[in-house]
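Visitor: Input upload15.tsv, format and content: TSV, C-alpha atoms.
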```tsv
chain	number	residue	atom	x	y	z
C	3	MET	CA	0.00	0.00	0.00
C	4	PRO	CA	1.17	3.59	-0.38
C	5	GLU	CA	3.61	4.61	2.33
C	6	LEU	CA	5.19	7.99	3.05
C	7	PRO	CA	7.14	8.18	-0.26
C	8	GLU	CA	4.07	7.54	-2.42
C	9	VAL	CA	2.00	10.06	-0.47
C	10	GLU	CA	4.79	12.64	-0.68
C	11	ILE	CA	4.97	12.13	-4.44
C	12	ALA	CA	1.20	12.71	-4.65
C	13	ARG	CA	1.44	15.77	-2.41
C	14	SER	CA	4.25	17.24	-4.51
C	15	LEU	CA	2.22	16.61	-7.65
C	16	ILE	CA	-0.71	18.57	-6.23
C	17	ALA	CA	1.58	21.34	-5.01
C	18	ASP	CA	3.16	21.63	-8.46
C	19	ARG	CA	0.09	21.26	-10.67
C	20	ALA	CA	-3.17	21.82	-8.79
C	21	LEU	CA	-2.76	24.93	-6.64
C	22	HIS	CA	-4.51	28.23	-7.42
C	23	ARG	CA	-6.92	26.66	-9.92
C	24	ARG	CA	-10.55	27.53	-9.20
C	25	ILE	CA	-12.83	24.56	-8.55
C	26	VAL	CA	-16.07	24.71	-10.54
C	27	ASP	CA	-17.46	21.22	-9.94
C	28	VAL	CA	-16.99	18.26	-7.60
C	29	ASP	CA	-18.12	14.66	-8.08
C	30	ASP	CA	-18.44	13.36	-4.52
C	31	SER	CA	-21.14	10.80	-5.26
C	32	ASP	CA	-19.18	7.88	-3.78
C	33	SER	CA	-20.59	7.99	-0.25
C	34	TYR	CA	-18.17	5.32	1.03
C	35	VAL	CA	-15.02	7.18	0.01
C	36	GLY	CA	-16.55	10.47	1.15
C	37	ARG	CA	-17.88	9.25	4.50
C	38	PRO	CA	-19.03	10.72	6.87
C	39	HIS	CA	-20.10	13.37	4.35
C	40	SER	CA	-23.24	12.83	2.33
C	41	PRO	CA	-23.13	13.24	-1.47
C	42	GLY	CA	-23.11	16.92	-2.35
C	43	GLU	CA	-21.59	18.07	0.94
C	44	LEU	CA	-18.01	18.16	-0.37
C	45	ARG	CA	-19.22	19.75	-3.60
C	46	SER	CA	-20.94	22.53	-1.69
C	47	ALA	CA	-17.91	23.12	0.54
C	48	LEU	CA	-15.31	23.23	-2.25
C	49	THR	CA	-16.97	24.76	-5.32
C	50	GLY	CA	-15.65	28.25	-6.02
C	51	ARG	CA	-12.49	27.75	-3.98
C	52	SER	CA	-8.88	26.96	-4.93
C	53	PHE	CA	-6.21	24.91	-3.23
C	54	ILE	CA	-3.56	27.20	-1.77
C	55	ALA	CA	-1.22	24.71	-0.05
C	56	ALA	CA	-0.62	20.94	0.12
C	57	HIS	CA	0.60	19.33	3.35
C	58	ARG	CA	1.49	15.85	4.58
C	59	ARG	CA	2.25	14.12	7.85
C	60	GLY	CA	3.17	10.49	7.51
C	61	LYS	CA	0.67	8.88	5.13
C	62	THR	CA	-1.95	11.60	5.63
C	63	MET	CA	-2.30	14.46	3.15
C	64	TRP	CA	-4.46	17.56	3.43
C	65	LEU	CA	-5.00	20.62	1.25
C	66	GLU	CA	-5.75	24.16	2.35
C	67	THR	CA	-8.44	25.98	0.39
C	68	SER	CA	-9.04	29.65	-0.30
C	69	GLY	CA	-12.09	31.71	0.48
C	70	THR	CA	-14.80	32.31	-2.10
C	71	GLY	CA	-14.63	36.09	-2.18
C	72	ASP	CA	-16.82	36.51	0.88
C	73	ALA	CA	-14.95	38.58	3.48
C	74	ALA	CA	-16.54	36.50	6.22
C	75	ALA	CA	-14.98	33.33	4.78
C	76	ALA	CA	-11.43	34.33	3.78
C	77	ILE	CA	-10.16	30.80	4.39
C	78	GLY	CA	-11.96	27.64	3.32
C	79	PRO	CA	-12.01	24.17	4.85
C	80	GLU	CA	-9.12	21.74	4.60
C	81	LEU	CA	-9.55	18.74	2.34
C	82	GLY	CA	-8.02	15.53	3.62
C	83	ILE	CA	-7.09	12.80	1.13
C	84	HIS	CA	-6.02	9.30	2.16
C	85	LEU	CA	-4.83	7.05	-0.67
C	86	GLY	CA	-5.81	3.78	1.02
C	87	MET	CA	-4.09	0.72	-0.44
C	88	SER	CA	-4.29	1.48	-4.13
C	89	GLY	CA	-5.12	5.14	-4.55
C	90	ARG	CA	-3.48	7.46	-7.06
C	91	ILE	CA	-3.85	11.19	-7.64
C	92	VAL	CA	-4.29	12.10	-11.30
C	93	VAL	CA	-4.00	15.79	-12.26
C	94	THR	CA	-4.89	17.03	-15.72
C	95	SER	CA	-3.45	20.39	-16.80
C	96	PRO	CA	-5.35	22.96	-18.91
C	97	ASP	CA	-3.51	21.71	-22.02
C	98	GLY	CA	-4.58	18.10	-21.39
C	99	THR	CA	-1.25	16.91	-19.94
C	100	VAL	CA	-1.82	14.16	-17.35
C	101	ALA	CA	0.45	13.54	-14.35
C	102	GLU	CA	0.02	10.93	-11.60
C	103	GLY	CA	1.32	10.17	-8.14
C	104	GLY	CA	0.55	7.61	-5.44
C	105	ASP	CA	0.38	3.83	-5.58
C	106	PRO	CA	2.83	2.59	-8.25
C	107	PRO	CA	1.02	1.83	-11.56
C	108	SER	CA	2.85	-1.51	-11.76
C	109	CYS	CA	0.84	-2.70	-8.75
C	110	ASP	CA	-2.27	-3.00	-10.89
C	111	THR	CA	-1.97	-3.76	-14.60
C	112	ARG	CA	-5.70	-4.05	-15.31
C	113	PRO	CA	-7.22	-1.57	-17.79
C	114	ARG	CA	-8.55	1.43	-15.89
C	115	ARG	CA	-12.28	1.68	-15.44
C	116	ALA	CA	-14.48	4.74	-15.10
C	117	GLU	CA	-15.79	3.50	-11.74
C	118	TRP	CA	-12.30	3.72	-10.26
C	119	ARG	CA	-12.66	7.52	-10.32
C	120	ARG	CA	-13.81	7.81	-6.70
C	121	PHE	CA	-13.60	11.60	-6.36
C	122	THR	CA	-13.20	14.23	-9.06
C	123	LEU	CA	-12.58	17.98	-8.93
C	124	THR	CA	-13.06	19.97	-12.12
C	125	PHE	CA	-11.18	23.25	-12.50
C	126	ALA	CA	-12.31	26.37	-14.31
C	127	ASP	CA	-9.46	25.95	-16.81
C	128	GLY	CA	-10.86	22.62	-17.99
C	129	GLY	CA	-8.43	20.41	-16.08
C	130	SER	CA	-9.16	18.12	-13.15
C	131	LEU	CA	-7.89	16.31	-10.05
C	132	VAL	CA	-9.04	12.72	-9.59
C	133	LEU	CA	-8.64	10.15	-6.83
C	134	LEU	CA	-8.31	6.91	-8.82
C	135	ASP	CA	-8.75	3.91	-6.52
C	136	PRO	CA	-9.47	0.35	-7.81
C	137	ARG	CA	-9.95	-1.11	-4.32
C	138	ARG	CA	-12.11	1.77	-3.04
C	139	LEU	CA	-10.15	2.03	0.21
C	140	GLY	CA	-9.18	5.68	-0.12
C	141	ARG	CA	-10.89	8.42	1.83
C	142	VAL	CA	-11.74	12.07	1.24
C	143	ARG	CA	-13.03	14.26	4.08
C	144	LEU	CA	-13.12	17.82	5.30
C	145	ASN	CA	-10.89	19.08	8.12
C	146	PRO	CA	-9.15	15.77	8.98
C	147	ASN	CA	-7.86	15.29	12.52
C	148	ILE	CA	-4.13	14.54	12.54
C	149	GLY	CA	-3.66	15.00	16.28
C	150	ALA	CA	-3.16	11.28	16.92
C	151	LEU	CA	-0.18	11.07	14.56
C	152	GLY	CA	3.39	11.22	15.79
C	153	PRO	CA	6.03	13.41	14.15
C	154	ASP	CA	6.55	12.90	10.45
C	155	ALA	CA	9.24	10.30	9.72
C	156	ALA	CA	10.93	12.59	7.20
C	157	GLN	CA	11.05	15.49	9.69
C	158	VAL	CA	11.71	13.78	13.04
C	159	THR	CA	14.97	14.86	14.68
C	160	GLN	CA	17.56	12.42	15.95
C	161	ALA	CA	16.80	13.35	19.59
C	162	GLU	CA	13.05	12.88	19.05
C	163	PHE	CA	13.66	9.58	17.29
C	164	ARG	CA	15.78	8.24	20.15
C	165	THR	CA	13.10	9.08	22.69
C	166	LEU	CA	10.23	7.69	20.63
C	167	ILE	CA	11.94	4.49	19.51
C	168	THR	CA	13.43	3.20	22.77
C	169	LYS	CA	10.66	3.35	25.39
C	170	GLY	CA	8.88	0.11	26.25
C	171	THR	CA	9.50	-3.54	25.44
C	172	THR	CA	7.79	-3.99	22.09
C	173	ALA	CA	9.64	-5.30	19.05
C	174	VAL	CA	11.45	-2.57	17.14
C	175	LYS	CA	9.56	-3.24	13.91
C	176	ALA	CA	6.24	-2.89	15.71
C	177	ARG	CA	7.44	0.45	17.06
C	178	LEU	CA	8.45	1.67	13.59
C	179	LEU	CA	4.96	0.80	12.34
C	180	ASN	CA	3.21	2.65	15.18
C	181	GLN	CA	1.88	5.81	13.52
C	182	SER	CA	1.24	7.49	16.88
C	183	LYS	CA	4.99	7.37	17.57
C	184	ILE	CA	6.50	8.11	14.14
C	185	ALA	CA	4.16	8.72	11.21
C	186	GLY	CA	4.81	7.42	7.72
C	187	VAL	CA	6.68	4.10	7.97
C	188	GLY	CA	4.81	1.12	6.53
C	189	ASN	CA	5.70	-2.53	6.18
C	190	LEU	CA	8.11	-2.34	3.23
C	191	LEU	CA	9.94	0.71	4.57
C	192	ALA	CA	10.31	-0.87	8.01
C	193	ASP	CA	11.95	-4.01	6.58
C	194	GLU	CA	14.27	-1.87	4.43
C	195	ILE	CA	15.25	0.39	7.35
C	196	LEU	CA	15.97	-2.53	9.69
C	197	TRP	CA	17.97	-4.34	7.01
C	198	GLN	CA	20.08	-1.29	6.21
C	199	ALA	CA	20.70	-0.72	9.93
C	200	ARG	CA	21.52	-4.43	10.51
C	201	VAL	CA	18.99	-4.63	13.37
C	202	SER	CA	16.67	-7.58	14.03
C	203	PRO	CA	12.98	-6.66	13.67
C	204	LEU	CA	12.36	-8.76	16.80
C	205	ALA	CA	14.73	-6.83	19.08
C	206	ARG	CA	13.08	-5.18	22.09
C	207	VAL	CA	13.22	-1.42	21.79
C	208	ASP	CA	14.59	-1.02	25.32
C	209	SER	CA	17.50	-3.32	24.45
C	210	LEU	CA	18.77	-1.33	21.47
C	211	THR	CA	22.30	-0.01	21.82
C	212	SER	CA	23.14	3.62	21.12
C	213	ALA	CA	24.92	2.53	17.95
C	214	GLN	CA	21.85	0.60	16.75
C	215	VAL	CA	19.54	3.57	17.38
C	216	ASN	CA	21.91	5.83	15.44
C	217	ARG	CA	22.02	3.37	12.55
C	218	LEU	CA	18.23	3.13	12.53
C	219	TYR	CA	17.85	6.90	12.40
C	220	HIS	CA	20.29	7.36	9.54
C	221	ALA	CA	18.74	4.40	7.70
C	222	LEU	CA	15.30	5.96	8.12
C	223	LYS	CA	16.45	9.19	6.51
C	224	SER	CA	18.36	7.58	3.65
C	225	VAL	CA	15.62	5.05	2.88
C	226	LEU	CA	12.95	7.77	2.72
C	227	LYS	CA	15.08	10.02	0.53
C	228	SER	CA	15.85	7.19	-1.87
C	229	ALA	CA	12.26	5.93	-2.03
C	230	VAL	CA	10.86	9.37	-2.82
C	231	ALA	CA	13.49	9.89	-5.53
C	232	LYS	CA	12.93	6.45	-7.10
C	233	GLY	CA	9.13	6.40	-6.97
C	234	GLY	CA	8.04	4.56	-3.84
C	235	ALA	CA	8.71	2.09	-1.04
C	236	HIS	CA	8.79	-0.79	-3.54
C	237	THR	CA	12.19	0.41	-4.85
C	238	GLY	CA	14.18	-0.62	-1.74
C	239	ASP	CA	17.24	-2.87	-2.01
C	240	ILE	CA	15.71	-5.65	0.11
C	241	ILE	CA	12.30	-5.81	-1.58
C	242	ALA	CA	13.15	-8.42	-4.22
C	243	ALA	CA	14.58	-10.70	-1.50
C	244	ARG	CA	11.35	-10.69	0.55
C	245	ARG	CA	10.25	-14.11	-0.73
C	246	PRO	CA	10.73	-17.83	-0.05
C	247	GLY	CA	14.24	-18.76	-1.13
C	248	GLY	CA	15.38	-15.14	-1.08
C	249	THR	CA	18.91	-14.30	-0.02
C	250	CYS	CA	20.37	-11.18	1.56
C	251	PRO	CA	21.65	-8.79	-1.15
C	252	ARG	CA	24.60	-7.91	1.07
C	253	ASP	CA	26.00	-11.22	2.31
C	254	GLY	CA	24.01	-13.91	0.50
C	255	ALA	CA	22.61	-15.47	3.70
C	256	PRO	CA	19.06	-16.89	3.59
C	257	MET	CA	16.24	-14.52	4.37
C	258	VAL	CA	13.99	-15.37	7.34
C	259	HIS	CA	10.24	-14.84	7.42
C	260	GLY	CA	8.00	-14.16	10.43
C	261	THR	CA	5.20	-11.96	11.72
C	262	VAL	CA	6.13	-8.87	13.71
C	263	GLY	CA	3.71	-6.15	14.70
C	264	GLY	CA	1.02	-8.13	12.91
C	265	ARG	CA	2.81	-7.76	9.57
C	266	SER	CA	4.69	-10.15	7.30
C	267	THR	CA	8.38	-9.53	7.90
C	268	TRP	CA	11.64	-10.55	6.20
C	269	TRP	CA	15.18	-10.19	7.52
C	270	CYS	CA	18.72	-11.49	6.99
C	271	SER	CA	19.43	-14.62	9.03
C	272	ARG	CA	23.06	-13.60	9.60
C	273	GLU	CA	23.40	-9.82	9.85
C	274	GLN	CA	20.05	-9.32	11.59
C	275	ALA	CA	20.25	-12.27	13.95
C	276	LEU	CA	18.48	-11.63	17.27
C	277	GLN	CA	20.81	-11.44	20.25
C	278	PRO	CA	19.80	-13.37	23.40
C	279	ASP	CA	19.58	-10.20	25.52
C	280	GLN	CA	17.22	-8.57	23.00
C	281	ARG	CA	14.50	-11.22	23.10
C	282	ASN	CA	11.06	-10.25	24.34
C	283	PRO	CA	10.17	-12.31	27.44
C	284	THR	CA	6.50	-12.23	26.46
C	285	PRO	CA	6.44	-12.86	22.70
C	286	GLY	CA	2.71	-12.36	22.31
C	287	ARG	CA	2.94	-8.73	23.31
C	288	SER	CA	4.94	-7.90	20.23
C	289	ASN	CA	3.58	-10.50	17.83
C	290	VAL	CA	7.01	-12.12	17.79
C	291	PRO	CA	7.03	-15.58	16.13
C	292	PRO	CA	8.30	-18.50	18.23
C	293	ASP	CA	11.95	-19.47	17.84
```
Written as structure tokens, how would this file's structure read?
Guide:
Amino acid sequence: MPELPEVEIARSLIADRALHRRIVDVDDSDSYVGRPHSPGELRSALTGRSFIAAHRRGKTMWLETSGTGDAAAAIGPELGIHLGMSGRIVVTSPDGTVAEGGDPPSCDTRPRRAEWRRFTLTFADGGSLVLLDPRRLGRVRLNPNIGALGPDAAQVTQAEFRTLITKGTTAVKARLLNQSKIAGVGNLLADEILWQARVSPLARVDSLTSAQVNRLYHALKSVLKSAVAKGGAHTGDIIAARRPGGTCPRDGAPMVHGTVGGRSTWWCSREQALQPDQRNPTPGRSNVPPD
């Protein structure tokens, strides 16, 4: 599913191509994607406005809107967009040029269908912004609440990271996936970060050494930078090895599979071996597979 890099690519696309274009129509007829709003509510709130800024924290994206010329409403509502598991943002320019960002197109090779257009904004210049979502798991809503999210993974400082990552006894991968601690890391990114840092996904967070925490932080930053530049979390070095019979790209050792934090997890059997003093005494608490 889209992780921080895919959402950042979509946000950048909107910031580059969809700002300051007056909205003249909105198709918000999909009541599931637009919940809790009823059909027509988003249309009424957005028509006549323009997007003036595009923001992101973790996997959540929201757009600021302008007023409508009424002095009593100089600023409009925020529009939150969540890509779900397969959502893509498609922006059409006035000249008909189409640009996309979000879930990698290679994830779904089926011909696109009209019903996948879950939410459409039409601009006065003839262009549009569409949420294209085959699985219908995306979400569009006004004034989204982001208060439960931790600091953005791309913006978190090293001191913040150390504090957030080391408290408690959960497995380190489960902590990386906890959006209330650090927002934006999904399953593929977590495996890539842990592999680059040479840290076992099963290690208890309170057992991590200072050197391991430093490696995790620097791996987080480099993995995010690379994934955004290359087009998504699926471009990581370890991704192709996350399969039965896969071997570590660095040392050739067999990859190991388990469930950590409720998610399918792969790691190098040699360089990411779990040390005895890093085992969780109560495996069920961290969804750690039995030895």
Visitor: Counting all atoms listed in the file, figure out which residue out of C:Ala116, C:Ile11, C:Ala242, C:Leu144 gets nearest to Leu65 of chain C.
Guide: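 Checking each of C:Ala116, C:Ile11, C:Ala242, C:Leu144 against Leu65 of chain C, counting all atoms listed in the file, the winner is C:Leu144.
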Visitor: How far is it from atom CA of Asn189 of chain C to atom CA of Ser266 of chain C, in Å with one decimal?
Guide: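 Atom CA of Ser266 of chain C lies 7.8 Å from atom CA of Asn189 of chain C.
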Visitor: Quick one: residues within 10 Å of (-16.1, 11.3, 2.3) (file frame), counting only C-alpha atoms, please, as a PyMOL selection string.
Guide: chain C and resi 30-41+43-44+81-83+120-121+140-144
Visitor: Report as a ChimeraX atom specification all protein, DNA and RNA residues lying within 9 Å of Lys223 of chain C, evaluated on all atoms listed in the file, omitting residues in the same chain fewer than 6 positions from it.
Guide: /C:155-157,195
Visitor: Counting all atoms listed in the file, what is within 8 Å of segment 18-21 of chain C, bar same-chain residues fewer than 3 positions away, as a list in words?
Guide: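 Answer for this query is Ser14, Leu15, Ser52, Phe53, Ile54, Ala55, Val93, Ser95 and Leu131 of chain C.
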Visitor: If you count all atoms listed in the file, which residues fall within 12 Å of Trp197 of chain C, apart from same-chain ones fewer than 2 positions away, as an MDAnalysis selection string?
Guide: chainID C and resid 175 190:195 199:203 214 217:218 221:222 225 238:241 243:244 250:253 257:258 267:275
Visitor: Interatomic distance between atom CA of Trp64 of chain C and atom CA of Thr122 of chain C?
Guide: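 Computing the Euclidean distance for atom CA of Trp64 of chain C and atom CA of Thr122 of chain C yields 15.6 Å.
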Visitor: In terms of the shortest atom-to-atom distance over all atoms listed in the file, which of C:Thr62, C:Thr94, C:Asn282, C:Thr49 is closest to Glu10 of chain C?
Guide: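 Counting all atoms listed in the file, the residue closest to Glu10 of chain C is C:Thr62.
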Visitor: Rounded to one decimal in Å, what is the spacing between atom CA of Asp105 of chain C and atom CA of Ser88 of chain C?
Guide: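 A separation of 5.4 Å between them.
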Visitor: Leaving out Gly186 of chain C and any residue of its chain fewer than 5 positions from it, which residues lie within 10 Å of it when counting all atoms listed in the file, given as an MDAnalysis selection string?
Guide: chainID C and resid 4:7 9:10 58:62 151:156 178:181 191:192 226
Visitor: Using all atoms listed in the file, find the one residue out of C:Ala17, C:Ala150, C:Val26, C:Ala229 that sits nearest to His57 of chain C.
Guide: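 Using all atoms listed in the file, the shortest distance to His57 of chain C belongs to C:Ala17.
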Visitor: Given all atoms listed in the file as the basis, pick out the residue of C:His236, C:Ile91, C:Ala47, C:Ala56 nearest to Thr70 of chain C.
Guide: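 Using all atoms listed in the file, the shortest distance to Thr70 of chain C belongs to C:Ala47.
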Visitor: Measuring between all atoms listed in the file, which one of C:Thr159, C:Ser46, C:Ser209, C:Thr99 shows the shortest distance to Leu123 of chain C?
Guide: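 Using all atoms listed in the file, Leu123 of chain C sits closest to C:Ser46.
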Visitor: May I ask which of the residues C:Leu85, C:Leu276, C:Val215, C:Leu196 is the closest one to Gln160 of chain C, counting all atoms listed in the file?
Guide: C:Val215
